[in-house]
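Structure data (compact mmCIF, C-alpha atoms) from data.txt:
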```txt
# COMPACT_ATOMS: atom_id res chain seq x y z
CA MET A 28 0.00 0.00 0.00
CA ALA A 29 2.83 2.31 0.95
CA GLY A 30 4.60 1.43 -2.31
CA SER A 31 1.48 2.29 -4.32
CA ASN A 32 1.25 5.70 -2.59
CA ASN A 33 4.92 6.40 -3.38
CA ILE A 34 4.35 5.53 -7.05
CA ASN A 35 1.31 7.82 -7.22
CA LYS A 36 3.26 10.56 -5.49
CA GLU A 37 6.14 10.21 -7.95
CA LYS A 38 3.70 10.33 -10.89
CA TYR A 39 2.08 13.46 -9.43
CA LEU A 40 5.43 15.17 -8.98
CA LYS A 41 6.53 14.25 -12.52
CA ASN A 42 3.26 15.50 -14.01
CA ASN A 43 3.53 18.69 -11.94
CA GLN A 44 7.10 19.25 -13.13
CA LYS A 45 6.04 18.65 -16.74
CA ASN A 46 3.16 21.12 -16.42
CA LEU A 47 5.47 23.66 -14.82
CA LEU A 48 8.04 23.18 -17.57
CA VAL A 49 5.36 23.59 -20.25
CA LYS A 50 4.14 26.80 -18.59
CA GLU A 51 7.67 28.19 -18.37
CA ILE A 52 8.32 27.35 -22.02
CA ILE A 53 5.05 29.06 -23.01
CA VAL A 54 6.08 32.18 -21.08
CA LEU A 55 9.54 32.20 -22.67
CA VAL A 56 8.09 31.68 -26.16
CA LEU A 57 5.61 34.48 -25.51
CA PHE A 58 8.47 36.70 -24.37
CA ALA A 59 10.49 35.84 -27.50
CA VAL A 60 7.47 36.78 -29.62
CA LEU A 61 7.11 40.07 -27.72
CA ILE A 62 10.81 40.86 -28.27
CA THR A 63 10.52 40.12 -31.99
CA ILE A 64 7.38 42.25 -32.32
CA SER A 65 8.92 45.09 -30.32
CA ILE A 66 12.04 45.10 -32.54
CA LEU A 67 9.84 45.33 -35.63
CA PHE A 68 7.73 48.15 -34.18
CA LEU A 69 10.53 50.10 -32.44
CA PHE A 70 13.44 49.93 -34.92
CA PRO A 71 13.66 50.60 -38.69
CA VAL A 72 14.53 46.98 -39.53
CA ALA A 73 11.83 46.81 -42.22
CA PHE A 74 11.61 49.82 -44.51
CA LYS A 75 10.87 50.98 -48.04
CA ASN A 76 13.65 52.94 -49.70
CA ILE A 77 12.30 56.13 -51.34
CA PHE A 78 15.66 57.13 -52.79
CA PHE A 79 19.32 56.21 -52.30
CA ILE A 80 22.11 58.37 -53.75
CA ASN A 81 25.60 56.92 -53.98
CA MET A 82 27.86 59.98 -54.25
CA THR A 83 31.23 58.20 -54.19
CA GLY A 84 31.31 58.21 -57.99
CA SER A 85 31.97 61.97 -58.15
CA ALA A 86 34.35 63.91 -55.89
CA ASP A 87 32.88 67.21 -57.16
CA MET A 88 29.46 66.16 -55.98
CA SER A 89 30.41 64.70 -52.58
CA ASN A 90 32.95 67.24 -51.27
CA PHE A 91 32.05 70.42 -49.33
CA PRO A 92 32.65 73.30 -49.35
CA SER A 93 32.79 73.56 -53.13
CA GLY A 94 35.63 75.44 -54.76
CA ASN A 95 33.36 78.21 -56.00
CA ASN A 96 30.10 79.87 -55.04
CA THR A 97 28.15 78.93 -58.16
CA GLU A 98 25.33 76.41 -58.16
CA VAL A 99 25.72 73.25 -60.20
CA THR A 100 22.64 71.42 -61.48
CA ILE A 101 22.98 67.66 -61.81
CA SER A 102 20.36 66.18 -64.11
CA LYS A 103 18.85 62.74 -63.65
CA SER A 104 20.89 61.31 -66.54
CA LYS A 105 24.14 62.68 -65.11
CA LEU A 106 23.19 61.42 -61.64
CA THR A 107 22.57 57.97 -63.13
CA ALA A 108 26.07 57.99 -64.66
CA ILE A 109 27.62 59.06 -61.34
CA ASN A 110 25.76 56.35 -59.46
CA ASN A 111 26.68 53.68 -62.04
CA ASN A 112 30.32 54.63 -61.61
CA ALA A 113 29.97 54.36 -57.83
CA GLU A 114 28.27 50.95 -58.11
CA GLN A 115 31.23 49.58 -60.05
CA ASN A 116 33.50 50.60 -57.18
CA ASN A 117 31.56 49.30 -54.18
CA ASN A 118 28.60 47.32 -55.58
CA LYS A 119 25.99 49.48 -53.81
CA ILE A 120 22.93 49.82 -56.01
CA SER A 121 21.38 53.29 -56.03
CA LYS A 122 17.72 54.13 -56.34
CA ILE A 123 16.96 57.51 -57.90
CA ASP A 124 13.57 56.91 -59.55
CA VAL A 125 11.83 59.77 -57.70
CA ILE A 126 14.69 62.26 -58.10
CA ASN A 127 14.18 64.83 -60.84
CA LYS A 128 17.46 66.72 -60.36
CA ILE A 129 20.00 67.79 -57.75
CA VAL A 130 21.35 71.30 -57.21
CA LYS A 131 24.70 71.52 -55.44
CA GLY A 132 25.92 74.78 -53.95
CA ARG A 133 29.00 75.71 -51.98
CA ASN A 134 27.68 74.31 -48.70
CA TYR A 135 24.43 72.55 -49.57
CA ILE A 136 22.82 69.94 -51.75
CA GLU A 137 19.17 70.26 -52.77
CA ILE A 138 17.25 67.20 -53.96
CA PHE A 139 14.16 67.78 -56.09
CA LEU A 140 11.59 64.98 -56.13
CA ALA A 141 9.32 64.11 -59.05
CA PRO A 142 6.88 62.67 -58.35
CA SER A 143 6.59 64.22 -54.90
CA THR A 144 6.70 61.97 -51.84
CA ILE A 145 3.89 61.67 -49.28
CA SER A 146 5.20 62.41 -45.78
CA GLY A 147 4.62 59.96 -42.95
CA PRO A 148 5.68 59.40 -39.31
CA GLY A 149 8.03 56.61 -40.35
CA ASN A 150 10.16 58.77 -42.68
CA TYR A 151 13.86 58.97 -41.87
CA LEU A 152 17.10 60.07 -43.50
CA LYS A 153 20.39 58.23 -43.30
CA ILE A 154 23.54 60.12 -44.29
CA ASN A 155 27.03 58.66 -44.56
CA LEU A 156 29.43 61.53 -43.87
CA LYS A 157 33.03 62.31 -42.94
CA ALA A 158 34.09 65.70 -41.54
CA LYS A 159 37.80 66.41 -41.22
CA ASN A 160 39.60 69.35 -39.64
CA ASN A 161 42.63 69.79 -41.92
CA ASP A 162 44.23 72.89 -40.40
CA SER A 163 43.37 72.73 -36.67
CA VAL A 164 40.64 75.32 -37.24
CA ASP A 165 38.75 76.39 -34.10
CA PHE A 166 35.74 74.31 -35.05
CA PRO A 167 35.39 71.29 -32.71
CA ALA A 168 31.69 70.60 -33.24
CA GLY A 169 29.18 71.24 -35.97
CA SER A 170 25.93 70.09 -37.47
CA ILE A 171 24.19 69.57 -40.75
CA ASN A 172 20.80 71.08 -41.33
CA ILE A 173 17.93 69.31 -43.12
CA LYS A 174 15.11 71.36 -44.65
CA TRP A 175 12.03 70.26 -46.55
CA LYS A 176 9.49 71.98 -48.77
CA TYR A 177 5.87 71.05 -49.33
CA GLU A 178 3.97 71.27 -52.56
CA SER A 179 2.88 74.84 -53.48
CA GLU A 180 5.47 76.41 -51.12
CA LYS A 181 7.82 78.91 -52.76
CA GLY A 182 10.59 78.73 -50.16
CA TYR A 183 11.69 76.77 -47.12
CA ASP A 184 9.74 77.63 -43.99
CA PRO A 185 12.13 78.32 -41.05
CA LEU A 186 10.13 75.86 -38.93
CA ASN A 187 10.52 73.02 -41.40
CA GLN A 188 14.00 71.94 -40.47
CA GLU A 189 15.99 69.44 -38.44
CA ASN A 190 19.66 69.41 -37.54
CA ILE A 191 22.06 66.57 -36.84
CA GLN A 192 25.18 67.13 -34.80
CA ILE A 193 28.27 65.73 -36.49
CA PHE A 194 31.74 64.72 -35.33
CA VAL A 195 34.60 66.68 -36.90
CA ASP A 196 37.06 63.83 -36.34
CA GLY A 197 38.13 62.65 -39.79
CA LEU A 198 36.17 59.39 -39.44
CA THR A 199 33.18 58.20 -41.45
CA HIS A 200 29.86 57.94 -39.60
CA ASN A 201 26.29 57.02 -40.47
CA TYR A 202 23.95 59.73 -39.20
CA PHE A 203 20.29 58.85 -38.65
CA ASN A 204 17.53 61.47 -38.55
CA ALA A 205 13.91 60.54 -37.84
CA ALA A 206 12.36 63.44 -39.78
CA GLY A 207 8.88 61.97 -39.29
CA GLU A 208 9.11 62.67 -35.55
CA ASN A 209 9.49 66.41 -36.05
CA LYS A 210 6.28 68.14 -34.98
CA ASN A 211 6.45 70.31 -38.13
CA TRP A 212 6.67 67.26 -40.40
CA LYS A 213 3.08 67.44 -41.55
CA LEU A 214 1.65 63.99 -42.17
CA ASN A 215 0.23 62.99 -45.56
CA LYS A 216 1.60 66.11 -47.29
CA LYS A 217 3.54 66.11 -50.55
CA ILE A 218 7.29 66.72 -50.12
CA THR A 219 8.75 68.26 -53.29
CA SER A 220 12.35 68.87 -52.23
CA LEU A 221 14.88 68.29 -49.47
CA MET A 222 17.92 70.42 -48.73
CA ILE A 223 20.97 69.35 -46.72
CA GLU A 224 23.21 72.20 -45.51
CA VAL A 225 26.70 71.61 -44.15
CA PRO A 226 29.03 73.97 -42.23
CA ASP A 227 31.04 76.27 -44.49
CA VAL A 228 34.29 76.67 -42.56
CA ASN A 229 37.68 77.20 -44.20
CA GLY A 230 39.96 74.31 -43.23
CA VAL A 231 37.13 71.86 -42.52
CA ASN A 232 36.40 69.41 -45.32
CA ILE A 233 33.12 67.47 -45.41
CA ASN A 234 32.50 64.48 -47.64
CA ILE A 235 29.01 62.98 -48.06
CA SER A 236 29.20 59.44 -49.46
CA GLU A 237 25.58 58.33 -49.34
CA ILE A 238 22.14 59.82 -48.77
CA SER A 239 19.06 57.65 -48.35
CA PHE A 240 15.47 58.62 -47.61
CA ASN A 241 13.25 55.83 -46.31
CA ASN A 242 9.85 55.01 -44.89
CA ARG A 243 9.38 52.35 -42.24
CA SER A 244 7.15 49.52 -43.48
CA ILE A 245 5.81 48.51 -40.05
CA PHE A 246 3.87 50.82 -37.74
CA PRO A 247 6.58 53.09 -36.16
CA LEU A 248 5.42 52.94 -32.54
CA ASP A 249 8.43 54.82 -31.14
CA SER A 250 8.01 57.65 -33.65
CA TYR A 251 4.38 58.15 -32.65
CA ILE A 252 5.36 58.20 -28.97
CA ASN A 253 8.17 60.69 -29.64
CA ARG A 254 5.84 62.91 -31.70
CA PHE A 255 3.36 62.92 -28.80
CA PHE A 256 6.00 64.12 -26.32
CA LYS A 257 7.41 66.69 -28.74
CA ASP A 258 3.93 68.08 -29.50
CA ASN A 259 2.78 68.29 -25.89
CA PHE A 260 5.91 68.97 -23.82
CA ASN A 261 7.94 71.33 -26.03
CA ILE A 262 10.79 68.83 -26.43
CA ARG A 263 13.05 69.37 -29.44
CA GLU A 264 15.11 66.18 -29.42
CA ILE A 265 14.65 62.68 -27.96
CA ASN A 266 17.34 60.01 -28.10
CA ARG A 267 16.02 57.39 -30.50
CA PHE A 268 17.10 54.53 -28.21
CA LEU A 269 15.24 55.90 -25.17
CA ILE A 270 11.69 54.70 -25.92
CA PRO A 271 12.81 51.21 -27.11
CA ALA A 272 14.86 50.85 -23.91
CA TYR A 273 11.92 51.79 -21.66
CA ILE A 274 9.49 49.53 -23.53
CA GLY A 275 12.06 46.70 -23.46
CA LEU A 276 12.41 47.09 -19.71
CA LEU A 277 8.61 46.98 -19.33
CA PHE A 278 8.52 43.72 -21.34
CA ILE A 279 11.19 42.23 -19.08
CA LEU A 280 9.21 43.26 -16.00
CA ALA A 281 6.10 41.65 -17.51
CA MET A 282 8.03 38.44 -18.24
CA ALA A 283 9.40 38.32 -14.71
CA TYR A 284 5.89 38.78 -13.32
CA LEU A 285 4.46 36.02 -15.58
CA LEU A 286 7.24 33.63 -14.56
CA LYS A 287 6.52 34.42 -10.92
CA LEU A 288 2.88 33.44 -11.46
CA VAL A 289 4.04 30.17 -13.01
CA SER A 290 6.62 29.29 -10.40
CA LYS A 291 7.47 30.88 -7.08
CA LYS A 292 11.03 29.59 -7.42
CA VAL A 293 11.82 32.07 -10.20
CA MET A 294 14.21 34.78 -8.97
CA THR A 295 12.37 37.78 -10.42
CA GLY A 296 14.56 40.27 -8.57
CA LYS A 297 17.70 38.91 -10.22
CA ILE A 298 16.04 38.93 -13.66
CA ILE A 299 14.94 42.56 -13.30
CA PHE A 300 18.30 43.66 -11.90
CA SER A 301 20.22 41.86 -14.65
CA ALA A 302 17.98 43.39 -17.36
CA ALA A 303 18.46 46.91 -15.94
CA VAL A 304 22.25 46.42 -15.79
CA ILE A 305 22.35 45.15 -19.40
CA ILE A 306 20.33 48.13 -20.69
CA LEU A 307 22.50 50.55 -18.67
CA PHE A 308 25.64 48.88 -20.04
CA ILE A 309 24.44 49.19 -23.65
CA PHE A 310 23.57 52.88 -23.15
CA SER A 311 26.92 53.48 -21.47
CA ILE A 312 28.79 52.09 -24.49
CA TYR A 313 26.78 54.37 -26.80
CA PHE A 314 27.53 57.52 -24.77
CA PHE A 315 31.16 56.59 -24.06
CA LYS A 316 31.69 56.18 -27.81
CA ASN A 317 30.19 59.63 -28.45
CA GLU A 318 32.34 61.23 -25.75
CA ILE A 319 35.50 59.64 -27.16
CA LEU A 320 34.64 60.99 -30.62
CA ASN A 321 33.93 64.42 -29.14
CA VAL A 322 37.32 64.44 -27.42
CA LYS A 323 38.99 63.57 -30.74
CA SER A 324 37.10 66.42 -32.46
CA TYR A 325 38.27 68.92 -29.84
CA TYR A 326 41.83 67.64 -30.00
CA ASP A 327 41.90 67.97 -33.80
CA SER A 328 40.60 71.54 -33.52
CA TYR A 329 42.85 72.74 -30.70
CA ARG A 330 45.93 70.55 -31.19
CA LYS A 331 48.30 73.54 -31.04
CA ASN A 332 46.72 74.99 -27.89
CA ILE A 333 46.66 71.64 -26.11
CA ALA A 334 50.28 70.85 -27.02
CA GLY A 335 51.30 74.28 -25.72
CA GLY A 336 49.30 73.94 -22.51
CA ASP A 337 47.05 76.88 -23.44
CA LEU A 338 43.79 75.22 -22.36
CA LYS A 339 41.89 78.41 -21.52
CA ASN A 340 41.65 79.31 -25.23
CA THR A 341 40.48 75.90 -26.47
CA TYR A 342 36.80 76.79 -26.56
CA LEU A 343 34.85 79.99 -27.11
CA GLY A 344 31.22 80.09 -26.00
CA PHE A 345 29.21 78.05 -23.53
CA TYR A 346 27.77 74.57 -23.38
CA ASP A 347 24.17 75.23 -22.29
CA PHE A 348 23.30 76.84 -25.62
CA GLU A 349 19.66 75.67 -25.64
CA LYS A 350 19.09 77.28 -22.24
CA PHE A 351 20.64 80.47 -23.58
CA ILE A 352 18.24 80.49 -26.55
CA SER A 353 15.28 80.09 -24.19
CA TRP A 354 16.62 82.92 -22.04
CA ALA A 355 17.17 85.15 -25.09
CA GLY A 356 13.60 84.43 -26.24
CA SER A 357 12.30 85.71 -22.90
CA LYS A 358 14.28 88.96 -23.25
CA ILE A 359 13.63 89.85 -26.90
CA PRO A 360 9.97 90.60 -27.76
CA GLU A 361 8.41 88.44 -30.46
CA ASN A 362 7.70 91.46 -32.68
CA GLU A 363 11.35 92.57 -32.70
CA ASN A 364 14.00 91.39 -35.16
CA LEU A 365 17.65 90.79 -34.35
CA ILE A 366 21.17 90.44 -35.71
CA VAL A 367 23.56 87.72 -34.52
CA LEU A 368 27.34 87.88 -34.79
CA ILE A 369 28.93 84.52 -35.61
CA ARG A 370 32.33 83.23 -36.68
CA GLY A 371 32.14 81.23 -39.90
CA GLU A 372 29.09 79.39 -41.27
CA GLN A 373 27.74 77.95 -38.02
CA ILE A 374 24.82 75.86 -39.28
CA TYR A 375 23.89 74.51 -35.83
CA ILE A 376 23.83 77.96 -34.22
CA GLU A 377 21.92 79.49 -37.12
CA SER A 378 19.30 76.76 -37.34
CA GLU A 379 18.73 76.58 -33.57
CA LEU A 380 18.31 80.34 -33.25
CA ALA A 381 16.08 80.60 -36.35
CA TYR A 382 13.87 77.72 -35.18
CA ASN A 383 13.52 78.60 -31.50
CA LEU A 384 13.27 82.39 -31.84
CA TYR A 385 10.64 82.32 -34.61
CA PRO A 386 8.68 84.50 -35.59
CA ARG A 387 11.51 86.99 -35.02
CA ASP A 388 13.50 87.56 -38.20
CA ILE A 389 17.24 86.97 -37.74
CA LYS A 390 20.18 88.20 -39.79
CA PHE A 391 23.61 86.62 -39.29
CA ILE A 392 26.89 88.48 -39.77
CA ASN A 393 30.06 86.46 -40.25
CA ILE A 394 32.67 88.44 -38.29
CA SER A 395 35.65 86.18 -39.04
CA LYS A 396 38.59 88.44 -39.98
CA SER A 397 36.29 91.50 -39.94
CA SER A 398 37.30 94.86 -38.48
CA PRO A 399 34.98 96.73 -36.05
CA GLU A 400 34.32 99.28 -38.80
CA LYS A 401 33.28 96.58 -41.26
CA ILE A 402 30.94 94.98 -38.70
CA ALA A 403 29.35 98.36 -37.97
CA GLY A 404 28.92 98.88 -41.72
CA GLU A 405 27.20 95.50 -42.09
CA ILE A 406 24.78 96.37 -39.25
CA SER A 407 23.94 99.73 -40.86
CA LYS A 408 23.50 98.10 -44.27
CA ILE A 409 21.03 95.52 -42.89
CA ASN A 410 18.92 98.21 -41.23
CA SER A 411 19.04 100.46 -44.31
CA GLU A 412 17.72 97.66 -46.53
CA ALA A 413 15.11 96.72 -43.91
CA ALA A 414 13.86 100.32 -43.69
CA ARG A 415 12.69 100.10 -47.30
CA GLN A 416 10.34 97.32 -46.21
CA ASN A 417 9.23 99.18 -43.05
CA LYS A 418 11.27 96.82 -40.90
CA ASN A 419 14.18 97.26 -38.53
CA TYR A 420 16.59 95.16 -36.50
CA LYS A 421 16.68 96.55 -32.99
CA TYR A 422 18.55 93.83 -31.08
CA LEU A 423 21.97 92.26 -31.55
CA ILE A 424 23.38 89.09 -29.97
CA ALA A 425 27.11 88.55 -29.45
CA LEU A 426 27.98 85.03 -28.34
CA SER A 427 31.25 86.20 -26.82
CA ASP A 428 32.51 89.53 -25.47
CA GLU A 429 35.52 89.08 -27.78
CA ASP A 430 33.14 89.57 -30.74
CA ILE A 431 32.51 93.20 -29.71
CA LYS A 432 35.55 95.39 -30.22
CA ASP A 433 33.73 98.68 -30.81
CA ASP A 434 30.36 99.21 -29.14
CA LYS A 435 29.76 102.84 -30.18
CA ILE A 436 26.54 101.91 -31.96
CA LEU A 437 25.49 99.35 -29.32
CA LYS A 438 24.05 99.53 -25.82
CA LEU A 439 24.32 96.47 -23.58
CA GLN A 440 20.86 95.42 -22.43
CA TYR A 441 21.17 91.88 -21.03
CA SER A 442 24.00 89.50 -20.27
CA TYR A 443 23.62 85.71 -19.98
CA ARG A 444 27.15 85.55 -18.61
CA THR A 445 29.71 88.24 -17.99
CA ASP A 446 31.71 87.23 -21.05
CA ALA A 447 29.21 85.33 -23.22
CA GLY A 448 25.64 85.60 -24.49
CA LEU A 449 25.36 89.39 -24.66
CA ILE A 450 22.22 91.14 -25.93
CA PHE A 451 22.62 94.71 -27.17
CA ILE A 452 20.20 97.32 -28.46
CA ILE A 453 21.35 98.97 -31.68
CA LYS A 454 21.43 102.73 -31.14
```
Rewrite the structure from the file as structure tokens, please.
Amino acid sequence: MAGSNNINKEKYLKNNQKNLLVKEIIVLVLFAVLITISILFLFPVAFKNIFFINMTGSADMSNFPSGNNTEVTISKSKLTAINNNAEQNNNKISKIDVINKIVKGRNYIEIFLAPSTISGPGNYLKINLKAKNNDSVDFPAGSINIKWKYESEKGYDPLNQENIQIFVDGLTHNYFNAAGENKNWKLNKKITSLMIEVPDVNGVNINISEISFNNRSIFPLDSYINRFFKDNFNIREINRFLIPAYIGLLFILAMAYLLKLVSKKVMTGKIIFSAAVIILFIFSIYFFKNEILNVKSYYDSYRKNIAGGDLKNTYLGFYDFEKFISWAGSKIPENENLIVLIRGEQIYIESELAYNLYPRDIKFINISKSSPEKIAGEISKINSEAARQNKNYKYLIALSDEDIKDDKILKLQYSYRTDAGLIFIIK
């Protein structure tokens, strides 16, 4: 009798273990399915290529700044020849069906689409680019600016733009821009042209190897979430890995909870802790890589200063630039226009100021190698031309006190810092 009870008990335990194993396998399979689905919905692994330009077949087309200030129009037939030449070199097949022509200027490339492309939340640009500082120019960081134009628009609206920060380190990088997440990327509108602007700085050479414009084939969940936060919380930029990381962590928490319901022996605390550490480790690698590249960019720009121990002159300006723009917006009335003094073609500074200080009209004066008299003449010229249109430019921003050598026509009104971020009124 006792032997029969032992046999029944053993059968019960075996059946219980089998059922438990089946439940655990079901949970793990379910989790694997959730991971697969989340990857499809949160990353651009499945996409439709709208156009892909392989620019390696022509140095004249891929290098910036151009040797002259004239625009060059590249027809579809010529673009086809350039791309065919590039394909023979690296076997990358281009797709230019929707491109009508390309116009290349000194520091920009404009892509005209025919037929026009319908905008969507899953649109993104991928640009393969190398920026090199050849002469240790004081230009450690820069950005490229992306503009778009809708059907029936004559020019590019200042709000319709995105910028991507680039590394000036002499290395080739793939830059990803989720244009569809921009709150001014109007959905289901016809895009007729795209313009990519690059910094125009003597001594800094930029080479664009590839440009691709794509649309994600599967519902872009992360892009919709990012658009929601940008529309409702006045956020300009969100790291594209942030939402996938949070959703991935939620999935891991759900799996741990399901496994706990299946078996009390599952160490949910260890699973959750391990998952958090893994995600933190992956993010750390991403940011460490960016910081290393930033250090290289600064070293390339200020090699002479660093070698000579002159560290105080290795950077002009301030790091919290976005906070400064917000502060400047609170000081300058919306109905007043302004002039900004900059050194070189600072695409990032220009685009950020134009976007965040809209509807104020902004004029930029490049003061590199300019005398105080020449700067004063430029200011007077801008206001003289504006007066013909019943406009005027009352305010002036100097990013550094070193930019103002003669303030006879200026009156200091506000100061973000004692030596940087100065707002003047033009007398």
Counting all atoms listed in the file, which of A:Pro247, A:Asn155, A:Ser93, A:Asp327 gets nearest to Asp227 of chain A?
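Closest to Asp227 of chain A, using all atoms listed in the file: A:Ser93.
Within 10 Å of the point (25.6, 91.9, -28.6), and counting only C-alpha atoms, the protein, DNA and RNA residues are Leu365, Ile366, Val367, Leu368, Tyr422, Leu423, Ile424, Ala425, Leu426, Ser427, Asp428, Asp430, Ile431, Asp434, Leu437, Lys438, Leu439, Gln440, Tyr441, Ser442, Ala447, Gly448, Leu449, Ile450, Phe451, Ile452 and Ile453 of chain A.
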Filtering to C-alpha atoms, could you give me those residues as a PDB file, keeping the file's coordinate frame?
```pdb
ATOM      1  CA  LEU A 365      17.650  90.790 -34.350  1.00  0.00           C
ATOM      2  CA  ILE A 366      21.170  90.440 -35.710  1.00  0.00           C
ATOM      3  CA  VAL A 367      23.560  87.720 -34.520  1.00  0.00           C
ATOM      4  CA  LEU A 368      27.340  87.880 -34.790  1.00  0.00           C
ATOM      5  CA  TYR A 422      18.550  93.830 -31.080  1.00  0.00           C
ATOM      6  CA  LEU A 423      21.970  92.260 -31.550  1.00  0.00           C
ATOM      7  CA  ILE A 424      23.380  89.090 -29.970  1.00  0.00           C
ATOM      8  CA  ALA A 425      27.110  88.550 -29.450  1.00  0.00           C
ATOM      9  CA  LEU A 426      27.980  85.030 -28.340  1.00  0.00           C
ATOM     10  CA  SER A 427      31.250  86.200 -26.820  1.00  0.00           C
ATOM     11  CA  ASP A 428      32.510  89.530 -25.470  1.00  0.00           C
ATOM     12  CA  ASP A 430      33.140  89.570 -30.740  1.00  0.00           C
ATOM     13  CA  ILE A 431      32.510  93.200 -29.710  1.00  0.00           C
ATOM     14  CA  ASP A 434      30.360  99.210 -29.140  1.00  0.00           C
ATOM     15  CA  LEU A 437      25.490  99.350 -29.320  1.00  0.00           C
ATOM     16  CA  LYS A 438      24.050  99.530 -25.820  1.00  0.00           C
ATOM     17  CA  LEU A 439      24.320  96.470 -23.580  1.00  0.00           C
ATOM     18  CA  GLN A 440      20.860  95.420 -22.430  1.00  0.00           C
ATOM     19  CA  TYR A 441      21.170  91.880 -21.030  1.00  0.00           C
ATOM     20  CA  SER A 442      24.000  89.500 -20.270  1.00  0.00           C
ATOM     21  CA  ALA A 447      29.210  85.330 -23.220  1.00  0.00           C
ATOM     22  CA  GLY A 448      25.640  85.600 -24.490  1.00  0.00           C
ATOM     23  CA  LEU A 449      25.360  89.390 -24.660  1.00  0.00           C
ATOM     24  CA  ILE A 450      22.220  91.140 -25.930  1.00  0.00           C
ATOM     25  CA  PHE A 451      22.620  94.710 -27.170  1.00  0.00           C
ATOM     26  CA  ILE A 452      20.200  97.320 -28.460  1.00  0.00           C
ATOM     27  CA  ILE A 453      21.350  98.970 -31.680  1.00  0.00           C
TER      28      ILE A 453
END
```
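With only C-alpha atoms taken into account, the protein and nucleic acid residues at most 12 Å from Glu400 of chain A (excluding it and anything under 2 positions from it in its own chain) are Ile394, Lys396, Ser397, Ser398, Ile402, Ala403, Gly404, Glu405, Ile406, Ser407, Ile431, Lys432, Asp433, Asp434, Lys435 and Ile436 of chain A.
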Filtering to C-alpha atoms, could you give me those residues as an mmCIF file, in the frame of the given file?
```cif
data_model
loop_
_atom_site.group_PDB
_atom_site.id
_atom_site.type_symbol
_atom_site.label_atom_id
_atom_site.label_comp_id
_atom_site.auth_asym_id
_atom_site.auth_seq_id
_atom_site.Cartn_x
_atom_site.Cartn_y
_atom_site.Cartn_z
ATOM 1 C CA ILE A 394 32.670 88.440 -38.290
ATOM 2 C CA LYS A 396 38.590 88.440 -39.980
ATOM 3 C CA SER A 397 36.290 91.500 -39.940
ATOM 4 C CA SER A 398 37.300 94.860 -38.480
ATOM 5 C CA ILE A 402 30.940 94.980 -38.700
ATOM 6 C CA ALA A 403 29.350 98.360 -37.970
ATOM 7 C CA GLY A 404 28.920 98.880 -41.720
ATOM 8 C CA GLU A 405 27.200 95.500 -42.090
ATOM 9 C CA ILE A 406 24.780 96.370 -39.250
ATOM 10 C CA SER A 407 23.940 99.730 -40.860
ATOM 11 C CA ILE A 431 32.510 93.200 -29.710
ATOM 12 C CA LYS A 432 35.550 95.390 -30.220
ATOM 13 C CA ASP A 433 33.730 98.680 -30.810
ATOM 14 C CA ASP A 434 30.360 99.210 -29.140
ATOM 15 C CA LYS A 435 29.760 102.840 -30.180
ATOM 16 C CA ILE A 436 26.540 101.910 -31.960
#
```
Just how far from atom CA of Ser236 of chain A is atom CA of Thr199 of chain A, in Å to one decimal?
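If I compute the distance from atom CA of Thr199 of chain A to atom CA of Ser236 of chain A, I get 9.0 Å.
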Among A:Asn201, A:Asn76, A:Ser146, A:Asn266, Lys217 of chain A is approached most closely, using all atoms listed in the file, by A:Ser146
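The shortest atom-to-atom distance to Glu361 of chain A, with all atoms listed in the file taken into account, belongs to A:Asp388 out of A:Asp388, A:Asp87, A:Glu51, A:Glu349.
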